[in-house]
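A.B. asks: Questions regarding the structure given below will be posed in turn.
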Amino acid sequence: MKESSNDESLGLGLKPGDSHYRAYVGPPEDFDLIAATTFNLLTTLGLRQQHSLLDVGCGSLRIGRLLIPYLNKGKYFGIEPNEWLVKEGIKREIGETLVQIKDPTFFFSDSPTTLSRAGVRFDFAVAQSIFSHCGLDLIAQWLSGISQSLVETGALVATFLPSEQDSTRTGWIYPECVNFRLSTLENLATEANLRFEVLNWKHPRQQWALFAKPKFNAEWFSGAIHAIKP
Ligand SMILES: C[S@@+](CC[C@H](N)C(=O)[O-])C[C@H]1O[C@@H](n2cnc3c(N)ncnc32)[C@H](O)[C@@H]1O
């Protein structure tokens with residue numbers, strides 16, 4: 001039977017990277033779990049409605065579908081090279097009415113330099129399953145661009161795949177994954193003037209880390225999320 005645009009298509013059984021708006025960004029079986037745990041991490045770290053937030057590689061709004069209604073109007077910013085994913089996310093997850101009410105901003109770009117051109121300052125940034133697909137060259141560029149766009153009390157949370165060895169691949173790698181040593185990521189964070197802490201927070205496959213500006217207030221999570229020594 002032909003699927004109408006109103007039918008819910010969850011993409012269950014498809015592989016990450018397949019051309020379905022949920023499957024393209026990861027295993028469709030975890031679409032809800034990633035959204036819920038990421039949203040809970042951000043709010044536990046202190047994300048409030050008045051904050052501005054950057055969603056790096058926002059894809060099909062898996063996380064945006066929770067953040068956009070939560071944040072005040074005009075406070076959600078997504079950067080994403082694949083415009084079709086954002087369009088599908090709007091059509092299938094949040095609807096045009098919410099876009100009109102909350103006025104999110106989307107930058108259709110794969111380049112960290114877009115951030116400096118946009119001239120927006122963020123309280124929080126999130127990069128879910130982005131550094132697991134970037135070479136160290138691209139991670140360094142994203143950390144530098146994000147750090148310059150964060151307010152002095154701001155922070156980025158990002159996932160990555162830890163390993164004993166650094167991948168030597170460069171640029172964007174997809175849908176394959178790349179792994180890095182904690183100490184390598186800590187060094188890149190330091191170069192970008194960010195404090196690196198590995199976070200004990202649920203994720204089905206990856207590791208969460210905090211990249212905090214010097215004045216980020218960690219009070220909210222001390223005791224709730226134990227930082228692990230890199
Ligand atoms: C694994 S998906 C994660 C999407 C989203 N963060 C989530 O958790 O649902 C990776 C996303 O990064 C986007 N992307 C592609 N090239 C990129 C680049 N150079 N930098 C950042 N993101 C990129 C992809 O289009 C895709 O939407």
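Each chain in the structure tokens gets a letter, A, B and so on, in the order shown; residues start at 1 in every chain, and ligands are counted from 1 in the order they appear.
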Can you check which parts of chain A lie within 8 Å of ligand 1? Per residue, the shortest pair of atoms and distance in Å to one decimal, counting only C-alpha atoms and all ligand atoms, sorted by chain and number, as a tab-separated table.
C.D. replies:
```
residue	atom	partner	partner_atom_place_in_ligand_line	distance
A:Pro16	CA	ligand 1	1 (C)	7.9
A:Tyr24	CA	ligand 1	2 (S)	6.8
A:Val25	CA	ligand 1	2 (S)	3.8
A:Gly26	CA	ligand 1	1 (C)	5.4
A:Phe31	CA	ligand 1	9 (O)	7.5
A:Ile34	CA	ligand 1	8 (O)	6.9
A:Ala35	CA	ligand 1	8 (O)	7.5
A:Asp55	CA	ligand 1	6 (N)	7.0
A:Val56	CA	ligand 1	21 (C)	6.0
A:Gly57	CA	ligand 1	22 (N)	3.8
A:Cys58	CA	ligand 1	5 (C)	4.5
A:Gly59	CA	ligand 1	27 (O)	3.3
A:Ser60	CA	ligand 1	9 (O)	6.3
A:Leu61	CA	ligand 1	9 (O)	6.2
A:Arg62	CA	ligand 1	9 (O)	4.6
A:Ile63	CA	ligand 1	9 (O)	6.0
A:Ile79	CA	ligand 1	22 (N)	7.5
A:Glu80	CA	ligand 1	13 (C)	5.6
A:Pro81	CA	ligand 1	25 (O)	5.5
A:Asn82	CA	ligand 1	25 (O)	4.9
A:Leu85	CA	ligand 1	27 (O)	6.8
A:Ser109	CA	ligand 1	18 (C)	7.8
A:Asp110	CA	ligand 1	19 (N)	4.2
A:Ser111	CA	ligand 1	19 (N)	6.2
A:Pro112	CA	ligand 1	20 (N)	7.6
A:Val126	CA	ligand 1	6 (N)	7.8
A:Ala127	CA	ligand 1	6 (N)	5.8
A:Gln128	CA	ligand 1	6 (N)	4.3
A:Ser129	CA	ligand 1	1 (C)	4.7
A:Ile130	CA	ligand 1	10 (C)	5.4
A:His133	CA	ligand 1	10 (C)	7.4
A:Cys134	CA	ligand 1	19 (N)	7.3
A:Leu138	CA	ligand 1	19 (N)	7.4
A:Trp142	CA	ligand 1	20 (N)	7.9
A:Gly171	CA	ligand 1	19 (N)	7.1
A:Trp172	CA	ligand 1	19 (N)	5.2
A:Tyr174	CA	ligand 1	15 (C)	7.8
A:Pro175	CA	ligand 1	1 (C)	7.4
```
A.B. asks: For Gly46 of chain A, please output as a PDB file with N, CA and C atoms, in the first residue's frame all residues within 12 Å (counting only C-alpha atoms; exclusion window: fewer than 2 positions along the same chain).
C.D. replies:
```pdb
ATOM      1  N   PHE A  39      18.327  15.358  25.798  1.00  0.00           N
ATOM      2  CA  PHE A  39      17.544  16.450  26.394  1.00  0.00           C
ATOM      3  C   PHE A  39      17.730  16.453  27.923  1.00  0.00           C
ATOM      4  N   ASN A  40      17.685  15.268  28.520  1.00  0.00           N
ATOM      5  CA  ASN A  40      17.838  15.186  29.983  1.00  0.00           C
ATOM      6  C   ASN A  40      19.234  15.615  30.422  1.00  0.00           C
ATOM      7  N   LEU A  41      20.257  15.281  29.638  1.00  0.00           N
ATOM      8  CA  LEU A  41      21.620  15.717  29.978  1.00  0.00           C
ATOM      9  C   LEU A  41      21.692  17.241  29.961  1.00  0.00           C
ATOM     10  N   LEU A  42      21.176  17.848  28.888  1.00  0.00           N
ATOM     11  CA  LEU A  42      21.266  19.306  28.761  1.00  0.00           C
ATOM     12  C   LEU A  42      20.516  20.015  29.897  1.00  0.00           C
ATOM     13  N   THR A  43      19.342  19.526  30.248  1.00  0.00           N
ATOM     14  CA  THR A  43      18.591  20.198  31.309  1.00  0.00           C
ATOM     15  C   THR A  43      19.232  19.945  32.672  1.00  0.00           C
ATOM     16  N   THR A  44      19.850  18.774  32.849  1.00  0.00           N
ATOM     17  CA  THR A  44      20.564  18.504  34.106  1.00  0.00           C
ATOM     18  C   THR A  44      21.771  19.426  34.244  1.00  0.00           C
ATOM     19  N   ARG A  48      18.080  26.208  30.405  1.00  0.00           N
ATOM     20  CA  ARG A  48      16.783  26.810  30.732  1.00  0.00           C
ATOM     21  C   ARG A  48      16.178  27.430  29.472  1.00  0.00           C
ATOM     22  N   GLN A  49      14.901  27.796  29.578  1.00  0.00           N
ATOM     23  CA  GLN A  49      14.163  28.248  28.398  1.00  0.00           C
ATOM     24  C   GLN A  49      14.754  29.494  27.724  1.00  0.00           C
ATOM     25  N   GLN A  50      15.400  30.347  28.527  1.00  0.00           N
ATOM     26  CA  GLN A  50      15.917  31.616  27.982  1.00  0.00           C
ATOM     27  C   GLN A  50      17.279  31.460  27.314  1.00  0.00           C
ATOM     28  N   HIS A  51      17.893  30.278  27.448  1.00  0.00           N
ATOM     29  CA  HIS A  51      19.218  30.061  26.856  1.00  0.00           C
ATOM     30  C   HIS A  51      19.144  29.901  25.337  1.00  0.00           C
ATOM     31  N   LEU A  53      20.803  27.916  22.120  1.00  0.00           N
ATOM     32  CA  LEU A  53      21.466  26.610  21.956  1.00  0.00           C
ATOM     33  C   LEU A  53      21.785  26.333  20.500  1.00  0.00           C
ATOM     34  N   ASP A 123      24.619  29.818  24.752  1.00  0.00           N
ATOM     35  CA  ASP A 123      24.840  29.369  26.131  1.00  0.00           C
ATOM     36  C   ASP A 123      25.233  27.896  26.151  1.00  0.00           C
ATOM     37  N   PHE A 124      24.642  27.131  25.255  1.00  0.00           N
ATOM     38  CA  PHE A 124      24.930  25.695  25.172  1.00  0.00           C
ATOM     39  C   PHE A 124      25.085  25.292  23.705  1.00  0.00           C
ATOM     40  N   THR A 153      30.259  31.654  30.079  1.00  0.00           N
ATOM     41  CA  THR A 153      29.702  30.681  31.027  1.00  0.00           C
ATOM     42  C   THR A 153      29.108  29.474  30.286  1.00  0.00           C
ATOM     43  N   GLY A 154      29.416  29.345  28.990  1.00  0.00           N
ATOM     44  CA  GLY A 154      28.754  28.330  28.174  1.00  0.00           C
ATOM     45  C   GLY A 154      29.479  26.994  28.149  1.00  0.00           C
ATOM     46  N   ALA A 155      28.834  26.014  27.514  1.00  0.00           N
ATOM     47  CA  ALA A 155      29.441  24.676  27.398  1.00  0.00           C
ATOM     48  C   ALA A 155      28.875  23.929  26.202  1.00  0.00           C
ATOM     49  N   PHE A 216      31.986  28.204  33.121  1.00  0.00           N
ATOM     50  CA  PHE A 216      30.780  27.367  33.143  1.00  0.00           C
ATOM     51  C   PHE A 216      30.536  26.882  34.569  1.00  0.00           C
ATOM     52  N   ASN A 217      29.292  27.008  35.030  1.00  0.00           N
ATOM     53  CA  ASN A 217      28.935  26.617  36.398  1.00  0.00           C
ATOM     54  C   ASN A 217      28.550  25.137  36.421  1.00  0.00           C
ATOM     55  N   ALA A 218      29.447  24.337  36.998  1.00  0.00           N
ATOM     56  CA  ALA A 218      29.240  22.878  37.005  1.00  0.00           C
ATOM     57  C   ALA A 218      28.455  22.408  38.224  1.00  0.00           C
ATOM     58  N   GLU A 219      27.986  23.367  39.065  1.00  0.00           N
ATOM     59  CA  GLU A 219      27.270  23.016  40.293  1.00  0.00           C
ATOM     60  C   GLU A 219      26.094  22.088  40.047  1.00  0.00           C
ATOM     61  N   TRP A 220      25.378  22.369  38.965  1.00  0.00           N
ATOM     62  CA  TRP A 220      24.161  21.625  38.661  1.00  0.00           C
ATOM     63  C   TRP A 220      24.385  20.124  38.591  1.00  0.00           C
ATOM     64  N   PHE A 221      25.570  19.748  38.047  1.00  0.00           N
ATOM     65  CA  PHE A 221      25.742  18.318  37.825  1.00  0.00           C
ATOM     66  C   PHE A 221      26.723  17.650  38.763  1.00  0.00           C
ATOM     67  N   SER A 222      27.428  18.430  39.590  1.00  0.00           N
ATOM     68  CA  SER A 222      28.371  17.747  40.485  1.00  0.00           C
ATOM     69  C   SER A 222      27.538  16.877  41.419  1.00  0.00           C
ATOM     70  N   ALA A 224      25.506  14.606  40.439  1.00  0.00           N
ATOM     71  CA  ALA A 224      24.496  13.941  39.598  1.00  0.00           C
ATOM     72  C   ALA A 224      25.153  13.222  38.430  1.00  0.00           C
TER      73      ALA A 224
END
```
A.B. asks: Could you find all residues in segment 33-107 of chain A that DSSP calls alpha helix (DSSP H) from the backbone, and write them as a VMD selection string?
C.D. replies: chain A and resid 33 to 44 64 to 70 83 to 89 95 to 102
A.B. asks: Save the residues we just selected, N, CA, C and O atoms, as a short mmCIF file (atom, residue, chain, number, x, y, z; two decimals), in the first residue's frame?
C.D. replies:
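Heads up, here's the output in out_22.cif:
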```cif
data_model
loop_
_atom_site.label_atom_id
_atom_site.label_comp_id
_atom_site.auth_asym_id
_atom_site.auth_seq_id
_atom_site.Cartn_x
_atom_site.Cartn_y
_atom_site.Cartn_z
N LEU A 33 15.34 7.20 22.24
CA LEU A 33 16.26 7.13 23.39
C LEU A 33 17.32 8.22 23.32
O LEU A 33 17.61 8.89 24.32
N ILE A 34 17.90 8.42 22.14
CA ILE A 34 18.93 9.46 21.98
C ILE A 34 18.33 10.84 22.27
O ILE A 34 18.93 11.67 22.95
N ALA A 35 17.12 11.07 21.77
CA ALA A 35 16.46 12.36 22.01
C ALA A 35 16.26 12.58 23.51
O ALA A 35 16.62 13.64 24.05
N ALA A 36 15.72 11.58 24.19
CA ALA A 36 15.37 11.73 25.61
C ALA A 36 16.62 11.92 26.47
O ALA A 36 16.68 12.82 27.32
N THR A 37 17.64 11.08 26.25
CA THR A 37 18.83 11.15 27.11
C THR A 37 19.62 12.44 26.86
O THR A 37 20.19 13.01 27.78
N THR A 38 19.64 12.90 25.61
CA THR A 38 20.37 14.15 25.31
C THR A 38 19.65 15.34 25.94
O THR A 38 20.27 16.21 26.56
N PHE A 39 18.33 15.36 25.80
CA PHE A 39 17.54 16.45 26.39
C PHE A 39 17.73 16.45 27.92
O PHE A 39 17.93 17.51 28.53
N ASN A 40 17.68 15.27 28.52
CA ASN A 40 17.84 15.19 29.98
C ASN A 40 19.23 15.62 30.42
O ASN A 40 19.39 16.26 31.47
N LEU A 41 20.26 15.28 29.64
CA LEU A 41 21.62 15.72 29.98
C LEU A 41 21.69 17.24 29.96
O LEU A 41 22.19 17.87 30.89
N LEU A 42 21.18 17.85 28.89
CA LEU A 42 21.27 19.31 28.76
C LEU A 42 20.52 20.01 29.90
O LEU A 42 21.02 20.99 30.47
N THR A 43 19.34 19.53 30.25
CA THR A 43 18.59 20.20 31.31
C THR A 43 19.23 19.95 32.67
O THR A 43 19.22 20.82 33.54
N THR A 44 19.85 18.77 32.85
CA THR A 44 20.56 18.50 34.11
C THR A 44 21.77 19.43 34.24
O THR A 44 22.14 19.83 35.35
N GLY A 64 16.21 18.19 18.27
CA GLY A 64 15.50 19.46 18.07
C GLY A 64 14.01 19.36 18.36
O GLY A 64 13.39 20.31 18.81
N ARG A 65 13.43 18.18 18.13
CA ARG A 65 11.97 18.05 18.34
C ARG A 65 11.60 18.18 19.81
O ARG A 65 10.42 18.42 20.14
N LEU A 66 12.59 18.01 20.73
CA LEU A 66 12.33 18.26 22.15
C LEU A 66 12.81 19.65 22.55
O LEU A 66 12.21 20.32 23.38
N LEU A 67 13.93 20.08 21.95
CA LEU A 67 14.51 21.37 22.35
C LEU A 67 13.70 22.56 21.83
O LEU A 67 13.56 23.58 22.51
N ILE A 68 13.19 22.46 20.60
CA ILE A 68 12.50 23.62 20.01
C ILE A 68 11.26 24.02 20.83
O ILE A 68 11.10 25.20 21.15
N PRO A 69 10.41 23.08 21.26
CA PRO A 69 9.27 23.50 22.09
C PRO A 69 9.69 24.01 23.47
O PRO A 69 9.03 24.87 24.05
N TYR A 70 10.80 23.49 24.00
CA TYR A 70 11.24 23.83 25.36
C TYR A 70 11.81 25.24 25.44
O TYR A 70 11.53 25.99 26.38
N GLU A 83 20.04 19.53 3.89
CA GLU A 83 18.79 20.26 4.08
C GLU A 83 17.58 19.32 4.10
O GLU A 83 16.60 19.56 4.81
N TRP A 84 17.64 18.21 3.33
CA TRP A 84 16.50 17.30 3.26
C TRP A 84 16.16 16.70 4.62
O TRP A 84 14.97 16.45 4.91
N LEU A 85 17.18 16.53 5.47
CA LEU A 85 16.93 15.97 6.80
C LEU A 85 16.10 16.94 7.64
O LEU A 85 15.14 16.55 8.31
N VAL A 86 16.48 18.20 7.61
CA VAL A 86 15.75 19.21 8.39
C VAL A 86 14.31 19.31 7.87
O VAL A 86 13.35 19.36 8.65
N LYS A 87 14.17 19.31 6.54
CA LYS A 87 12.81 19.40 5.94
C LYS A 87 11.95 18.23 6.39
O LYS A 87 10.77 18.40 6.74
N GLU A 88 12.52 17.02 6.38
CA GLU A 88 11.78 15.83 6.81
C GLU A 88 11.45 15.92 8.31
O GLU A 88 10.37 15.54 8.74
N GLY A 89 12.42 16.40 9.08
CA GLY A 89 12.18 16.55 10.53
C GLY A 89 11.03 17.50 10.81
O GLY A 89 10.19 17.25 11.69
N GLY A 95 6.32 19.90 12.61
CA GLY A 95 5.26 20.64 11.91
C GLY A 95 5.59 22.11 11.71
O GLY A 95 6.34 22.71 12.48
N GLU A 96 5.02 22.69 10.65
CA GLU A 96 5.29 24.09 10.30
C GLU A 96 4.76 25.06 11.36
O GLU A 96 5.30 26.14 11.56
N THR A 97 3.70 24.66 12.07
CA THR A 97 3.11 25.57 13.07
C THR A 97 4.12 25.83 14.19
O THR A 97 4.29 26.98 14.62
N LEU A 98 4.80 24.78 14.64
CA LEU A 98 5.80 24.98 15.70
C LEU A 98 6.96 25.85 15.20
O LEU A 98 7.49 26.67 15.95
N VAL A 99 7.32 25.67 13.92
CA VAL A 99 8.37 26.50 13.34
C VAL A 99 7.94 27.97 13.39
O VAL A 99 8.73 28.86 13.75
N GLN A 100 6.68 28.23 13.06
CA GLN A 100 6.19 29.62 13.11
C GLN A 100 6.16 30.15 14.55
O GLN A 100 6.53 31.29 14.82
N ILE A 101 5.75 29.31 15.49
CA ILE A 101 5.65 29.76 16.90
C ILE A 101 7.04 30.00 17.49
O ILE A 101 7.28 31.01 18.16
N LYS A 102 7.99 29.08 17.26
CA LYS A 102 9.29 29.12 17.96
C LYS A 102 10.42 29.73 17.14
O LYS A 102 11.49 30.02 17.69
#
```
A.B. asks: DSSP on the backbone: which residues in segment 14-107 of chain A end up as strand (DSSP E)? Give the answer as a PDB file with C-alpha atoms, in the first residue's frame.
C.D. replies:
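Generated file (out09.pdb):
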```
ATOM      1  CA  LEU A  53      21.466  26.610  21.956  1.00  0.00           C
ATOM      2  CA  LEU A  54      23.424  25.383  18.941  1.00  0.00           C
ATOM      3  CA  ASP A  55      22.666  21.869  17.657  1.00  0.00           C
ATOM      4  CA  VAL A  56      25.704  20.862  15.541  1.00  0.00           C
ATOM      5  CA  TYR A  76      17.259  27.178  18.899  1.00  0.00           C
ATOM      6  CA  PHE A  77      19.931  27.161  16.166  1.00  0.00           C
ATOM      7  CA  GLY A  78      20.710  24.099  14.055  1.00  0.00           C
ATOM      8  CA  ILE A  79      23.585  23.721  11.627  1.00  0.00           C
ATOM      9  CA  THR A 105      17.206  29.179  12.803  1.00  0.00           C
ATOM     10  CA  PHE A 106      18.821  26.657  10.456  1.00  0.00           C
ATOM     11  CA  PHE A 107      22.204  27.122   8.783  1.00  0.00           C
TER      12      PHE A 107
END
```
A.B. asks: Grab the atom CA of Phe131 of chain A to atom CA of Phe180 of chain A distance for me, in Å with one decimal place.
C.D. replies: 9.3 Å
